file upload07.cif (mmCIF, C-alpha atoms)
data_data
#
loop_
_atom_site.label_atom_id
_atom_site.label_comp_id
_atom_site.auth_asym_id
_atom_site.auth_seq_id
_atom_site.Cartn_x
_atom_site.Cartn_y
_atom_site.Cartn_z
CA MET A 1 4.94 33.44 15.70
CA ASP A 2 4.08 33.15 12.03
CA ASN A 3 6.88 30.72 11.18
CA GLN A 4 5.92 28.23 13.85
CA SER A 5 2.82 26.06 14.32
CA CYS A 6 2.24 23.63 17.16
CA VAL A 7 0.01 20.67 17.88
CA LYS A 8 -0.70 19.53 21.43
CA ILE A 9 -0.25 15.79 21.79
CA ILE A 10 -2.79 14.37 24.23
CA ASN A 11 -4.31 11.41 22.41
CA GLU A 12 -3.59 9.15 19.43
CA TRP A 13 -5.52 11.37 17.02
CA ASP A 14 -3.15 14.23 17.76
CA ILE A 15 -0.33 12.10 16.31
CA VAL A 16 -2.24 12.14 13.00
CA SER A 17 -2.79 15.93 13.21
CA ALA A 18 0.91 16.54 13.92
CA ARG A 19 1.91 14.41 10.91
CA GLN A 20 -0.52 16.25 8.64
CA LEU A 21 0.70 19.64 9.81
CA GLY A 22 4.31 18.60 9.19
CA ARG A 23 3.56 17.22 5.75
CA ASN A 24 1.72 20.42 4.75
CA VAL A 25 4.57 22.66 5.87
CA ALA A 26 7.13 20.39 4.17
CA LYS A 27 5.14 20.55 0.93
CA GLU A 28 4.81 24.31 1.21
CA LEU A 29 8.58 24.70 1.67
CA GLY A 30 9.17 22.66 -1.48
CA PHE A 31 10.45 19.36 -0.04
CA GLY A 32 10.18 16.39 -2.42
CA THR A 33 8.14 13.27 -1.73
CA VAL A 34 11.02 11.35 -0.12
CA ASP A 35 11.88 14.18 2.29
CA GLN A 36 8.18 14.69 2.99
CA ALA A 37 8.00 11.01 3.98
CA ARG A 38 11.14 11.39 6.13
CA ILE A 39 9.70 14.42 7.93
CA THR A 40 6.25 12.84 8.37
CA THR A 41 7.79 9.65 9.75
CA ALA A 42 10.06 11.57 12.14
CA ILE A 43 7.08 13.56 13.47
CA SER A 44 5.09 10.37 13.92
CA GLU A 45 7.89 8.77 15.96
CA LEU A 46 8.35 11.85 18.17
CA ALA A 47 4.61 12.39 18.69
CA ARG A 48 4.12 8.74 19.58
CA ASN A 49 6.96 8.93 22.09
CA ILE A 50 5.22 11.86 23.78
CA PHE A 51 1.92 9.97 23.84
CA LEU A 52 3.49 6.72 25.12
CA TYR A 53 6.04 7.97 27.60
CA ALA A 54 5.15 11.51 28.67
CA GLY A 55 1.35 11.39 28.41
CA GLN A 56 1.21 14.82 26.86
CA GLY A 57 3.36 17.45 25.24
CA GLN A 58 3.75 19.44 22.06
CA ILE A 59 5.07 19.07 18.55
CA CYS A 60 6.05 22.32 16.84
CA ILE A 61 6.99 22.78 13.22
CA GLU A 62 9.08 25.78 12.33
CA LYS A 63 10.15 27.18 8.99
CA LEU A 64 13.84 28.08 9.01
CA TYR A 65 15.61 30.55 6.80
CA GLU A 66 19.33 30.72 7.58
CA ASN A 67 22.28 31.86 5.44
CA GLY A 68 20.26 31.49 2.27
CA LYS A 69 19.19 27.98 3.24
CA THR A 70 15.63 26.85 3.84
CA GLY A 71 14.77 24.22 6.39
CA LEU A 72 12.13 22.73 8.60
CA ARG A 73 12.69 22.37 12.33
CA LEU A 74 10.80 19.87 14.47
CA LEU A 75 10.47 20.51 18.16
CA SER A 76 9.17 17.87 20.51
CA ILE A 77 8.61 19.17 24.01
CA ASP A 78 7.15 17.40 27.00
CA SER A 79 7.37 17.61 30.76
CA GLY A 80 7.10 13.87 31.27
CA PRO A 81 9.39 11.63 33.32
CA GLY A 82 12.44 12.38 31.15
CA ILE A 83 15.03 9.90 29.95
CA LYS A 84 17.53 8.41 32.42
CA ASP A 85 20.06 7.10 29.94
CA LEU A 86 20.24 9.10 26.73
CA ARG A 87 22.89 6.83 25.25
CA GLN A 88 20.67 3.81 25.69
CA VAL A 89 17.62 5.34 23.95
CA MET A 90 19.81 6.23 20.99
CA GLU A 91 20.72 2.56 20.49
CA ASP A 92 18.87 0.68 17.76
CA GLY A 93 16.45 -1.87 19.11
CA TYR A 94 16.18 -0.45 22.63
CA SER A 95 12.55 -0.22 23.74
CA THR A 96 10.70 -0.28 27.05
CA SER A 97 7.27 -0.44 25.42
CA GLY A 98 7.49 -3.58 23.28
CA GLY A 99 7.97 -1.48 20.15
CA LEU A 100 10.66 -1.94 17.53
CA GLY A 101 13.07 0.44 19.26
CA ALA A 102 13.61 2.25 15.98
CA GLY A 103 12.18 5.58 17.11
CA LEU A 104 14.90 8.01 18.22
CA PRO A 105 17.93 6.60 16.37
CA GLY A 106 15.62 6.38 13.34
CA VAL A 107 14.59 10.03 13.65
CA LYS A 108 18.25 10.99 13.87
CA ARG A 109 18.94 9.19 10.59
CA LEU A 110 15.87 10.63 8.85
CA MET A 111 16.72 14.25 9.72
CA ASP A 112 19.91 16.26 9.05
CA ASP A 113 20.44 17.61 12.53
CA PHE A 114 19.31 16.12 15.84
CA GLN A 115 19.58 17.34 19.43
CA ILE A 116 18.09 15.85 22.54
CA ASP A 117 18.00 17.27 26.06
CA SER A 118 16.38 15.44 28.90
CA SER A 119 16.60 15.30 32.66
CA PRO A 120 14.75 12.77 34.81
CA GLY A 121 11.65 14.37 36.29
CA GLU A 122 11.81 17.43 34.06
CA GLY A 123 10.89 16.21 30.63
CA THR A 124 12.43 15.93 27.22
CA ASP A 125 13.20 18.45 24.53
CA ILE A 126 14.11 17.25 21.06
CA ARG A 127 15.07 19.47 18.11
CA ALA A 128 15.62 18.11 14.62
CA ILE A 129 16.19 19.94 11.34
CA LYS A 130 15.79 18.93 7.72
CA TRP A 131 17.37 21.25 5.15
CA LEU A 132 15.97 21.76 1.69
CA ARG A 133 18.51 20.60 -0.89
CA MET B 1 -13.27 3.64 9.42
CA ARG B 2 -12.51 -0.03 8.78
CA ILE B 3 -10.27 -1.30 6.03
CA PRO B 4 -12.27 -3.47 3.60
CA ILE B 5 -11.01 -7.03 3.10
CA LEU B 6 -12.11 -8.70 -0.15
CA LYS B 7 -12.19 -12.41 -0.93
CA LEU B 8 -10.91 -13.62 -4.30
CA HIS B 9 -11.04 -17.43 -4.69
CA ASP B 10 -8.93 -18.72 -1.79
CA CYS B 11 -7.14 -15.42 -1.22
CA LEU B 12 -7.91 -12.20 0.57
CA LEU B 13 -7.19 -8.80 -0.95
CA VAL B 14 -6.59 -5.69 1.10
CA SER B 15 -5.85 -2.27 -0.31
CA ILE B 16 -5.00 0.33 2.29
CA GLN B 17 -6.21 3.60 0.81
CA TRP B 18 -5.68 6.19 3.49
CA GLU B 19 -3.27 7.18 6.24
CA LEU B 20 -3.56 4.69 9.09
CA ASP B 21 -4.16 5.87 12.61
CA ASP B 22 -3.30 3.54 15.48
CA GLN B 23 -6.86 2.35 16.12
CA THR B 24 -7.56 1.57 12.47
CA ALA B 25 -4.30 -0.38 12.24
CA LEU B 26 -5.10 -2.49 15.31
CA GLN B 27 -8.70 -3.03 14.19
CA PHE B 28 -7.37 -4.20 10.80
CA GLN B 29 -5.16 -6.76 12.55
CA GLU B 30 -8.18 -8.30 14.25
CA ASP B 31 -10.43 -8.07 11.18
CA LEU B 32 -7.91 -9.77 8.90
CA LEU B 33 -7.35 -12.70 11.26
CA LYS B 34 -11.08 -13.17 11.72
CA LYS B 35 -11.61 -13.07 7.95
CA ILE B 36 -8.84 -15.68 7.42
CA HIS B 37 -10.60 -17.85 9.97
CA ASP B 38 -14.07 -17.35 8.48
CA THR B 39 -13.10 -17.87 4.82
CA SER B 40 -10.30 -20.46 5.27
CA ALA B 41 -8.18 -18.29 2.97
CA ASN B 42 -4.62 -19.50 2.56
CA GLY B 43 -3.15 -16.35 1.09
CA VAL B 44 -3.39 -12.61 1.62
CA VAL B 45 -2.17 -9.67 -0.46
CA ILE B 46 -1.88 -6.33 1.32
CA ASP B 47 -1.44 -3.49 -1.16
CA LEU B 48 0.22 -0.29 0.11
CA THR B 49 0.29 1.68 -3.17
CA SER B 50 -1.61 4.61 -1.64
CA ILE B 51 0.45 4.76 1.55
CA ASP B 52 3.05 7.53 1.52
CA PHE B 53 4.79 6.83 4.83
CA ILE B 54 5.10 4.00 7.37
CA ASP B 55 6.37 4.68 10.88
CA SER B 56 7.71 2.11 13.33
CA PHE B 57 4.28 1.56 14.89
CA ILE B 58 2.55 0.76 11.59
CA ALA B 59 5.55 -1.38 10.59
CA LYS B 60 5.20 -3.34 13.82
CA VAL B 61 1.45 -3.83 13.33
CA LEU B 62 2.07 -5.04 9.76
CA GLY B 63 4.93 -7.33 10.79
CA ASP B 64 2.81 -8.75 13.60
CA VAL B 65 -0.24 -9.39 11.42
CA ILE B 66 1.97 -11.23 8.90
CA GLU B 67 3.34 -13.38 11.73
CA MET B 68 -0.15 -14.01 13.12
CA SER B 69 -1.53 -14.92 9.69
CA HIS B 70 1.37 -17.33 9.27
CA LEU B 71 0.44 -18.98 12.58
CA MET B 72 -3.03 -19.53 11.16
CA GLY B 73 -1.63 -21.06 7.98
CA ALA B 74 -2.01 -18.11 5.59
CA LYS B 75 0.82 -16.55 3.59
CA VAL B 76 0.95 -12.78 3.19
CA VAL B 77 2.47 -10.76 0.34
CA ILE B 78 2.95 -7.00 0.71
CA THR B 79 2.72 -5.05 -2.55
CA GLY B 80 3.08 -1.51 -3.85
CA ILE B 81 5.63 -0.10 -1.40
CA GLN B 82 6.47 3.37 -2.76
CA PRO B 83 10.10 4.49 -3.21
CA ALA B 84 9.76 7.09 -0.42
CA VAL B 85 8.38 4.43 1.94
CA ALA B 86 11.18 1.98 1.12
CA ILE B 87 13.79 4.69 1.78
CA THR B 88 12.32 5.92 5.08
CA LEU B 89 11.67 2.40 6.42
CA THR B 90 15.28 1.42 5.77
CA GLU B 91 16.63 4.65 7.29
CA LEU B 92 14.44 4.04 10.33
CA GLY B 93 16.20 0.70 10.64
CA ILE B 94 13.21 -1.47 9.79
CA GLY B 95 13.95 -4.21 7.27
CA LEU B 96 10.68 -6.18 7.19
CA ASN B 97 12.91 -9.24 6.77
CA ASN B 98 11.34 -12.53 5.75
CA VAL B 99 8.33 -10.68 4.40
CA LEU B 100 7.18 -11.58 0.90
CA THR B 101 6.91 -8.48 -1.27
CA ALA B 102 6.09 -7.65 -4.88
CA LEU B 103 6.06 -4.48 -6.98
CA ASP B 104 2.32 -4.38 -7.59
CA LEU B 105 -0.92 -6.24 -6.96
CA GLU B 106 -0.65 -8.32 -10.13
CA LYS B 107 2.87 -9.54 -9.32
CA GLY B 108 1.81 -10.04 -5.71
CA LEU B 109 -0.99 -12.41 -6.69
CA GLU B 110 1.43 -14.30 -8.99
CA LYS B 111 3.93 -14.63 -6.15
CA LEU B 112 1.24 -15.86 -3.80
CA GLN B 113 0.11 -18.53 -6.29
CA GLN B 114 3.76 -19.69 -6.63
CA GLU B 115 4.18 -19.79 -2.87
CA LEU B 116 1.00 -21.78 -2.47
CA GLY B 117 2.26 -24.17 -5.15
CA GLU B 118 -0.48 -23.81 -7.70
#

call {"tool": "encode", "arguments": {"input": "upload07.cif", "output": "structure tokens"}}
result
Amino acid sequence: MDNQSCVKIINEWDIVSARQLGRNVAKELGFGTVDQARITTAISELARNIFLYAGQGQICIEKLYENGKTGLRLLSIDSGPGIKDLRQVMEDGYSTSGGLGAGLPGVKRLMDDFQIDSSPGEGTDIRAIKWLR
Amino acid sequence: MRIPILKLHDCLLVSIQWELDDQTALQFQEDLLKKIHDTSANGVVIDLTSIDFIDSFIAKVLGDVIEMSHLMGAKVVITGIQPAVAITLTELGIGLNNVLTALDLEKGLEKLQQELGE
């Protein structure tokens, strides 16, 4: 699909590639520097989660055109162990990896729309949208 | 690629000029501590003017290296945080509390001299 590009996340370098792809698409869509930083940071958090917790997965960036609005959708898809307690991972400061625990609640704040689906043993699917203002 | 660390009198100067990947960030942590040890520097300025985003991993590496430098007796000032970086870090929920900061390199060096009581 022309409106969607994906990066496979297998190693740490792929996190950098995913960020760069996201930044380029954000720039192309006309997002300002602050929103570009928000989108890049959100991608970095999601890609690192895949790398740390699922081992591998995909980050996809999609251009959205809906009801005269333009947006950028991030998809983070993995078939890793999944998340047992979704409420817990959305709490600030919760981390099982010694990180800052800012990741998912942070991504939710950085983006306009955030959805997470996960079942233990089946993986995690996160969708987040930033609309152009 | 490694981040260059320059010595200026009893201080160290670091300007991060490109997007950090995880390995470079961790290597920098080690390099800076070794350089503090080798030069007996008592102050460090880390300039982030060219950095256009900081995620929670980079923030943790930076926070940790400031803490580690402190353990070794060196004070660290972070300079040049861009508006977009300040906004996204705060939205992420990362405050970098208790970290000395200044608008630019010049003010950072002044702040460091004050802190070091000279």

call {"tool": "residues_near_point", "arguments": {"input": "upload07.cif", "point": "(-2.0, -24.0, 9.3)", "cutoff": "12 Å", "atoms": "all atoms listed in the file", "output": "list in words"}}
result
Ile36, His37, Ser40, Ala41, Asn42, Gly43, Met68, Ser69, His70, Leu71, Met72, Gly73, Ala74 and Lys75 of chain B

call {"tool": "resolve_selection", "arguments": {"input": "upload07.cif", "expression": "the PyMOL selection byres ((chain A and resi 125) around 12)", "output": "PyMOL selection string"}}
result
chain A and resi 46+49-50+54+57-60+74-83+86+114-120+122-124+126-128

call {"tool": "atom_distance", "arguments": {"input": "upload07.cif", "atom1": "atom CA of Lys130 of chain A", "atom2": "atom CA of Arg87 of chain A"}}
result
22.5 Å

call {"tool": "closest_residue", "arguments": {"input": "upload07.cif", "among": "A:Met90, A:Ile61, A:Leu110, A:Val25", "to": "chain B", "atoms": "only C-alpha atoms"}}
result
A:Leu110

call {"tool": "resolve_selection", "arguments": {"input": "upload07.cif", "expression": "the PyMOL selection byres ((chain B) within 8 of (chain A))", "output": "PDB file with C-alpha atoms, in the frame of the given file"}}
result
ATOM      1  CA  ASP B  21      -4.160   5.870  12.610  1.00  0.00           C
ATOM      2  CA  ASP B  22      -3.300   3.540  15.480  1.00  0.00           C
ATOM      3  CA  ASP B  52       3.050   7.530   1.520  1.00  0.00           C
ATOM      4  CA  PHE B  53       4.790   6.830   4.830  1.00  0.00           C
ATOM      5  CA  ILE B  54       5.100   4.000   7.370  1.00  0.00           C
ATOM      6  CA  ASP B  55       6.370   4.680  10.880  1.00  0.00           C
ATOM      7  CA  SER B  56       7.710   2.110  13.330  1.00  0.00           C
ATOM      8  CA  PHE B  57       4.280   1.560  14.890  1.00  0.00           C
ATOM      9  CA  LYS B  60       5.200  -3.340  13.820  1.00  0.00           C
ATOM     10  CA  PRO B  83      10.100   4.490  -3.210  1.00  0.00           C
ATOM     11  CA  ALA B  84       9.760   7.090  -0.420  1.00  0.00           C
ATOM     12  CA  VAL B  85       8.380   4.430   1.940  1.00  0.00           C
ATOM     13  CA  ILE B  87      13.790   4.690   1.780  1.00  0.00           C
ATOM     14  CA  THR B  88      12.320   5.920   5.080  1.00  0.00           C
ATOM     15  CA  GLU B  91      16.630   4.650   7.290  1.00  0.00           C
ATOM     16  CA  LEU B  92      14.440   4.040  10.330  1.00  0.00           C
ATOM     17  CA  GLY B  93      16.200   0.700  10.640  1.00  0.00           C
ATOM     18  CA  ILE B  94      13.210  -1.470   9.790  1.00  0.00           C
TER      19      ILE B  94
END

call {"tool": "resolve_selection", "arguments": {"input": "upload07.cif", "expression": "the PyMOL selection byres ((chain B and resi 101) around 6)", "output": "ChimeraX atom specification"}}
result
/B:77-79,100,102

call {"tool": "write_last_selection", "arguments": {"input": "upload07.cif", "atoms": "C-alpha atoms", "output": "PDB file, keeping the file's coordinate frame"}}
result
ATOM      1  CA  VAL B  77       2.470 -10.760   0.340  1.00  0.00           C
ATOM      2  CA  ILE B  78       2.950  -7.000   0.710  1.00  0.00           C
ATOM      3  CA  THR B  79       2.720  -5.050  -2.550  1.00  0.00           C
ATOM      4  CA  LEU B 100       7.180 -11.580   0.900  1.00  0.00           C
ATOM      5  CA  ALA B 102       6.090  -7.650  -4.880  1.00  0.00           C
TER       6      ALA B 102
END

call {"tool": "residues_around", "arguments": {"input": "upload07.cif", "residues": "Gln23 of chain B", "least_positions_apart": "2", "cutoff": "12 Å", "atoms": "all atoms listed in the file", "output": "PyMOL selection string"}}
result
(chain A and resi 11-13+15-16) or (chain B and resi 1-3+19-21+25-30+57-58+61)

call {"tool": "atom_distance", "arguments": {"input": "upload07.cif", "atom1": "atom CA of Thr39 of chain B", "atom2": "atom CA of Gln17 of chain B"}}
result
22.9 Å

call {"tool": "atom_distance", "arguments": {"input": "upload07.cif", "atom1": "atom CA of Ile81 of chain B", "atom2": "atom CA of Ser97 of chain A"}}
result
26.9 Å

call {"tool": "residues_around", "arguments": {"input": "upload07.cif", "residues": "Val14 of chain B", "least_positions_apart": "3", "cutoff": "12 Å", "atoms": "all atoms listed in the file", "output": "NGL selection string"}}
result
:B and (2-8 or 11 or 17 or 28-29 or 31-32 or 35 or 43-50 or 76-80 or 105 or 108-109)

call {"tool": "closest_residue", "arguments": {"input": "upload07.cif", "among": "A:Ala47, A:Val89, A:Leu29, A:Leu64", "to": "Val7 of chain A", "atoms": "all atoms listed in the file"}}
result
A:Ala47

call {"tool": "build_atoms", "arguments": {"input": "upload07.cif", "residues": "segment 17-44 of chain A", "atoms": "N, CA and C atoms", "output": "CSV table (one decimal), in the frame of the given file"}}
result
chain,number,residue,atom,x,y,z
A,17,SER,N,-2.8,14.5,13.5
A,17,SER,CA,-2.8,15.9,13.2
A,17,SER,C,-1.4,16.5,13.1
A,18,ALA,N,-0.5,16.0,14.0
A,18,ALA,CA,0.9,16.5,13.9
A,18,ALA,C,1.6,16.1,12.6
A,19,ARG,N,1.4,14.9,12.2
A,19,ARG,CA,1.9,14.4,10.9
A,19,ARG,C,1.4,15.2,9.7
A,20,GLN,N,0.1,15.5,9.8
A,20,GLN,CA,-0.5,16.2,8.6
A,20,GLN,C,0.0,17.7,8.6
A,21,LEU,N,0.1,18.3,9.8
A,21,LEU,CA,0.7,19.6,9.8
A,21,LEU,C,2.1,19.6,9.2
A,22,GLY,N,2.9,18.7,9.7
A,22,GLY,CA,4.3,18.6,9.2
A,22,GLY,C,4.4,18.4,7.7
A,23,ARG,N,3.5,17.5,7.2
A,23,ARG,CA,3.6,17.2,5.8
A,23,ARG,C,3.2,18.5,5.0
A,24,ASN,N,2.2,19.2,5.4
A,24,ASN,CA,1.7,20.4,4.8
A,24,ASN,C,2.8,21.5,4.7
A,25,VAL,N,3.5,21.7,5.8
A,25,VAL,CA,4.6,22.7,5.9
A,25,VAL,C,5.7,22.2,5.0
A,26,ALA,N,6.0,20.9,5.0
A,26,ALA,CA,7.1,20.4,4.2
A,26,ALA,C,6.8,20.6,2.7
A,27,LYS,N,5.6,20.4,2.3
A,27,LYS,CA,5.1,20.6,0.9
A,27,LYS,C,5.3,22.0,0.5
A,28,GLU,N,4.8,22.9,1.4
A,28,GLU,CA,4.8,24.3,1.2
A,28,GLU,C,6.2,24.8,1.0
A,29,LEU,N,7.2,24.3,1.8
A,29,LEU,CA,8.6,24.7,1.7
A,29,LEU,C,9.3,24.1,0.4
A,30,GLY,N,8.6,23.2,-0.2
A,30,GLY,CA,9.2,22.7,-1.5
A,30,GLY,C,9.9,21.4,-1.3
A,31,PHE,N,9.8,20.7,-0.2
A,31,PHE,CA,10.4,19.4,0.0
A,31,PHE,C,9.8,18.3,-1.0
A,32,GLY,N,10.7,17.4,-1.5
A,32,GLY,CA,10.2,16.4,-2.4
A,32,GLY,C,9.5,15.3,-1.7
A,33,THR,N,8.9,14.3,-2.4
A,33,THR,CA,8.1,13.3,-1.7
A,33,THR,C,8.9,12.4,-0.7
A,34,VAL,N,10.2,12.2,-1.0
A,34,VAL,CA,11.0,11.4,-0.1
A,34,VAL,C,11.3,12.1,1.2
A,35,ASP,N,11.7,13.4,1.1
A,35,ASP,CA,11.9,14.2,2.3
A,35,ASP,C,10.6,14.4,3.0
A,36,GLN,N,9.5,14.6,2.3
A,36,GLN,CA,8.2,14.7,3.0
A,36,GLN,C,7.9,13.4,3.8
A,37,ALA,N,8.2,12.3,3.2
A,37,ALA,CA,8.0,11.0,4.0
A,37,ALA,C,8.9,10.9,5.2
A,38,ARG,N,10.2,11.4,5.0
A,38,ARG,CA,11.1,11.4,6.1
A,38,ARG,C,10.6,12.3,7.3
A,39,ILE,N,10.2,13.5,6.9
A,39,ILE,CA,9.7,14.4,7.9
A,39,ILE,C,8.4,13.9,8.6
A,40,THR,N,7.5,13.4,7.8
A,40,THR,CA,6.2,12.8,8.4
A,40,THR,C,6.5,11.7,9.3
A,41,THR,N,7.5,10.8,8.9
A,41,THR,CA,7.8,9.6,9.8
A,41,THR,C,8.4,10.1,11.0
A,42,ALA,N,9.4,11.1,10.9
A,42,ALA,CA,10.1,11.6,12.1
A,42,ALA,C,9.0,12.2,13.1
A,43,ILE,N,8.1,13.0,12.6
A,43,ILE,CA,7.1,13.6,13.5
A,43,ILE,C,6.3,12.5,14.2
A,44,SER,N,5.9,11.5,13.4
A,44,SER,CA,5.1,10.4,13.9
A,44,SER,C,5.8,9.7,15.1
